[in-house]
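Working notes, beginning with the structure itself.
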Amino acid sequence: MSHADKLFVDMCRDIIDNGVSTEGQKVRPIWTDTGESAYTIKKFAVVNRYDLRKEFPALTLRRTAVKSAVNEMLWIWQKKSNNIKDLKSSVWDEWADEEGTIGKAYGYQIGKPYAHHAYKEGEDLSDYPSADIKEIPCDTDKGIINKRYVYLDQVDGVRYDLRNNPFSRRIMVNMYNFEDLHDMHLYPCAYSMTFNVTTDSEDNLVLNGILNQRSQDILAANNWNVCQYSVLIHMLARDTDMKVGELVHVIADAHIYDRHVDLVKELISREQYDAPTFTLNPEKKNFYDFSEEDITIENYNHGEQIKNIPIAV
């Protein structure tokens, strides 16, 4: 049986049996059909580990639309977009403005350049689309001097460090920029990814990642996010000549909406199947060349979809 199914079932049972209700408290979300407050049962600090060497963690209790999920992930990480016109699915339509943007969120943040490292004379930066070289005034004990720095966005910063400093403990992306929160139509839920490289028994470099989420609607989004960031690790591992390792998913507020509880109970009682087989197009290596069409999911047996899920925003 799928390990991802087991983790999901155990997590949902724990939330339902041992979680804390927010009923009667001041909450932000409302139901789209009634406008009433949407309350939840929640658990604090849920941590799930997925070993990507052993299986691809798509739920078999019901089908996860992996390619649609990956399209959204690439919208953020590859296109670095905050406009739903660049996205195939409709998951962000509720938060888009008249121009189609979701404000200074997600792709906007991940695409902002920063001074990544001091420029090394003759350094080849041709594989980093965001690369720019700028002079920065720096204080020294001999006065102010200008130093040349390489500016990269957060994705290229990760790619650069995985290739050049794989055992750094500082390889991460953060989309929770307090300065711009007021210009985001929704604060980032999955807000940071920390990468860490280990080795296997054959001394191959192994890429692992920790996905941090401040909040998650378990029924609507849990496996969607797990599949997205599993594929991201696969793509970045290919990009940097590494093997895939673990995805660790940390959720600060893991919740099930009160109107979803019966749906979740039915879902976790279903038959479970073996995990599907995941393949990434072997002809491609560079992260920016991948699309969701380079993913093949085979032997994916799963339960039927849940219809008419109440939506809270």
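Each chain in the structure tokens gets a letter, A, B and so on, in the order shown; residues start at 1 in every chain, and ligands are counted from 1 in the order they appear.
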ask   = Contacts of segment 262-279 of chain A at 9 Å or less, counting only C-alpha atoms, minus same-chain residues fewer than 5 places along, as a PyMOL selection string?
value = chain A and resi 1-6+8-10+12-13+16+55-62+219+256+294-303+306+309
Those same residues - C-alpha atoms - I'd like them written as a PDB file, in the first residue's frame.
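Printed below is selection-v4.pdb as written:
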ATOM      1  CA  MET A   1       0.000   0.000   0.000  1.00  0.00           C
ATOM      2  CA  SER A   2       1.045   3.604  -0.530  1.00  0.00           C
ATOM      3  CA  HIS A   3       2.997   5.182   2.329  1.00  0.00           C
ATOM      4  CA  ALA A   4       1.509   8.549   1.333  1.00  0.00           C
ATOM      5  CA  ASP A   5      -1.981   7.132   1.935  1.00  0.00           C
ATOM      6  CA  LYS A   6      -0.961   5.868   5.375  1.00  0.00           C
ATOM      7  CA  PHE A   8      -2.653  11.025   5.117  1.00  0.00           C
ATOM      8  CA  VAL A   9      -5.063   8.682   6.918  1.00  0.00           C
ATOM      9  CA  ASP A  10      -3.117   8.859  10.198  1.00  0.00           C
ATOM     10  CA  CYS A  12      -6.634  13.064   9.303  1.00  0.00           C
ATOM     11  CA  ARG A  13      -7.613  10.708  12.127  1.00  0.00           C
ATOM     12  CA  ILE A  16     -10.432  14.699  13.858  1.00  0.00           C
ATOM     13  CA  GLU A  55       7.707   5.975  -4.055  1.00  0.00           C
ATOM     14  CA  PHE A  56       6.039   8.948  -5.638  1.00  0.00           C
ATOM     15  CA  PRO A  57       3.626  10.181  -2.920  1.00  0.00           C
ATOM     16  CA  ALA A  58       0.400  10.697  -4.880  1.00  0.00           C
ATOM     17  CA  LEU A  59      -2.677   9.649  -2.901  1.00  0.00           C
ATOM     18  CA  THR A  60      -4.540   6.610  -4.168  1.00  0.00           C
ATOM     19  CA  LEU A  61      -7.608   7.271  -1.976  1.00  0.00           C
ATOM     20  CA  ARG A  62      -8.598   9.692  -4.727  1.00  0.00           C
ATOM     21  CA  LEU A 219      -8.810  18.078   2.174  1.00  0.00           C
ATOM     22  CA  ILE A 256     -10.002  20.275   8.344  1.00  0.00           C
ATOM     23  CA  ASP A 294       7.644  15.993 -19.045  1.00  0.00           C
ATOM     24  CA  ILE A 295       6.026  14.047 -16.204  1.00  0.00           C
ATOM     25  CA  THR A 296       4.722  10.521 -16.679  1.00  0.00           C
ATOM     26  CA  ILE A 297       2.542   8.938 -13.983  1.00  0.00           C
ATOM     27  CA  GLU A 298       1.867   5.241 -14.606  1.00  0.00           C
ATOM     28  CA  ASN A 299      -0.013   2.496 -12.785  1.00  0.00           C
ATOM     29  CA  TYR A 300      -2.068   5.092 -10.910  1.00  0.00           C
ATOM     30  CA  ASN A 301      -4.993   3.247  -9.368  1.00  0.00           C
ATOM     31  CA  HIS A 302      -7.198   5.463  -7.222  1.00  0.00           C
ATOM     32  CA  GLY A 303     -10.644   6.055  -5.777  1.00  0.00           C
ATOM     33  CA  ILE A 306     -15.149  13.903  -4.192  1.00  0.00           C
ATOM     34  CA  ILE A 309     -16.666  20.199  -1.832  1.00  0.00           C
TER      35      ILE A 309
END
ask   = Running DSSP on the backbone, which parts of segment 64-268 of chain A land in alpha helix (DSSP H), as a VMD selection string?
value = chain A and resid 66 to 77 107 to 110 154 to 164 218 to 239 261 to 268
inquiry  = Between A:Lys42, A:Arg49, A:Lys26, A:Lys85, which residue has the minimum interatomic distance to Gly245 of chain A, considering only C-alpha atoms?
reply    =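 Of A:Lys42, A:Arg49, A:Lys26, A:Lys85, the one nearest Gly245 of chain A is A:Arg49, counting only C-alpha atoms.
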task = Excluding Trp77 of chain A and any residue of its chain fewer than 6 positions from it, enumerate the residues within 7 Å of it, using only C-alpha atoms, and give them as a PyMOL selection string.
result = chain A and resi 107+110+155
Contact residues around segment 171-183 of chain A with only C-alpha atoms at 8 Å, ignoring same-chain residues under 3 positions, as a PDB file with C-alpha atoms, in the first residue's frame:
ATOM      1  CA  GLY A 103      -0.397  40.994  -5.869  1.00  0.00           C
ATOM      2  CA  LYS A 104       3.238  40.797  -4.799  1.00  0.00           C
ATOM      3  CA  ALA A 105       2.963  37.149  -3.827  1.00  0.00           C
ATOM      4  CA  TYR A 106       4.605  33.816  -4.663  1.00  0.00           C
ATOM      5  CA  GLN A 109       8.777  37.232  -4.436  1.00  0.00           C
ATOM      6  CA  ILE A 110      10.732  34.283  -5.752  1.00  0.00           C
ATOM      7  CA  GLN A 154      15.929  32.959  -5.328  1.00  0.00           C
ATOM      8  CA  VAL A 155      15.566  30.055  -7.782  1.00  0.00           C
ATOM      9  CA  GLY A 157      20.431  31.247  -6.037  1.00  0.00           C
ATOM     10  CA  VAL A 158      19.370  27.728  -5.074  1.00  0.00           C
ATOM     11  CA  ASP A 161      24.534  26.852  -4.473  1.00  0.00           C
ATOM     12  CA  LEU A 162      23.470  23.273  -5.157  1.00  0.00           C
ATOM     13  CA  SER A 168      25.950  24.740   2.520  1.00  0.00           C
ATOM     14  CA  TYR A 187      -0.428  35.658   2.425  1.00  0.00           C
ATOM     15  CA  PRO A 188       1.743  32.715   1.281  1.00  0.00           C
ATOM     16  CA  TYR A 191       6.094  30.014   2.189  1.00  0.00           C
ATOM     17  CA  SER A 192       9.584  28.480   2.285  1.00  0.00           C
ATOM     18  CA  MET A 193      11.655  25.595   1.035  1.00  0.00           C
ATOM     19  CA  THR A 194      14.968  24.597   2.620  1.00  0.00           C
ATOM     20  CA  PHE A 195      17.299  22.291   0.682  1.00  0.00           C
ATOM     21  CA  ASN A 196      19.879  20.002   2.230  1.00  0.00           C
TER      22      ASN A 196
END
message = Please compute the atom CA of Ala254 of chain A-atom CA of Val206 of chain A distance, one decimal, in Å.
response =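 Answer for the atom CA of Ala254 of chain A to atom CA of Val206 of chain A separation: 28.5 Å.
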query = Taking into account only C-alpha atoms, which residue in the set A:Gly111, A:Ala237, A:Asn281, A:Arg53 is nearest to Trp75 of chain A?
reply =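 Looking at the shortest contact to Trp75 of chain A, the residue is A:Gly111.
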ask   = With only C-alpha atoms as the atoms that count, which of A:Val197, A:Val231, A:Val27, A:Ala220 lies nearest to Asn164 of chain A?
value =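 Looking only at the distances to Asn164 of chain A, the closest residue turns out to be A:Val197.
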query = Residues of segment 16-162 of chain A in strand (DSSP E) according to DSSP, as a PyMOL selection string?
reply = chain A and resi 20-21+40-51+114-118+132-140+143-152
Long-range neighbours of Ser291 of chain A as an NGL selection string, 9 Å cut-off, only C-alpha atoms, 2 positions minimum in chain = :A and (67 or 70-71 or 74 or 288-289 or 293-295)
request  = Would you work out the distance separating atom CA of Lys112 of chain A from atom CA of Ile76 of chain A, expressed in Å to one decimal?
outcome  =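 Separating atom CA of Lys112 of chain A from atom CA of Ile76 of chain A is a distance of 12.0 Å.
Separating atom CA of Asp203 of chain A from atom CA of Phe287 of chain A is a distance of 23.3 Å.
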remark   = One residue among A:Met242, A:Ile233, A:Ile136, A:Ala96 is nearest to Met184 of chain A when using only C-alpha atoms, and that residue is A:Ala96
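Near Asp239 of chain A, within 6 Å and counting only C-alpha atoms, sit Leu236, Lys285, Asn286 and Phe287 of chain A, not including residues fewer than 3 positions from it in the same chain.
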Just to be explicit: take each residue in the selection above, keep N, CA and C atoms, and write the result as a PDB file, in the first residue's frame.
ATOM      1  N   LEU A 236      15.021  19.647  -9.671  1.00  0.00           N
ATOM      2  CA  LEU A 236      16.264  20.292  -9.245  1.00  0.00           C
ATOM      3  C   LEU A 236      17.388  19.275  -9.069  1.00  0.00           C
ATOM      4  N   LYS A 285      17.349  18.184 -18.800  1.00  0.00           N
ATOM      5  CA  LYS A 285      18.129  18.329 -17.569  1.00  0.00           C
ATOM      6  C   LYS A 285      17.945  19.694 -16.929  1.00  0.00           C
ATOM      7  N   ASN A 286      18.021  20.758 -17.738  1.00  0.00           N
ATOM      8  CA  ASN A 286      17.942  22.113 -17.192  1.00  0.00           C
ATOM      9  C   ASN A 286      16.559  22.390 -16.618  1.00  0.00           C
ATOM     10  N   PHE A 287      16.524  22.958 -15.422  1.00  0.00           N
ATOM     11  CA  PHE A 287      15.255  23.209 -14.738  1.00  0.00           C
ATOM     12  C   PHE A 287      14.290  24.021 -15.592  1.00  0.00           C
TER      13      PHE A 287
END
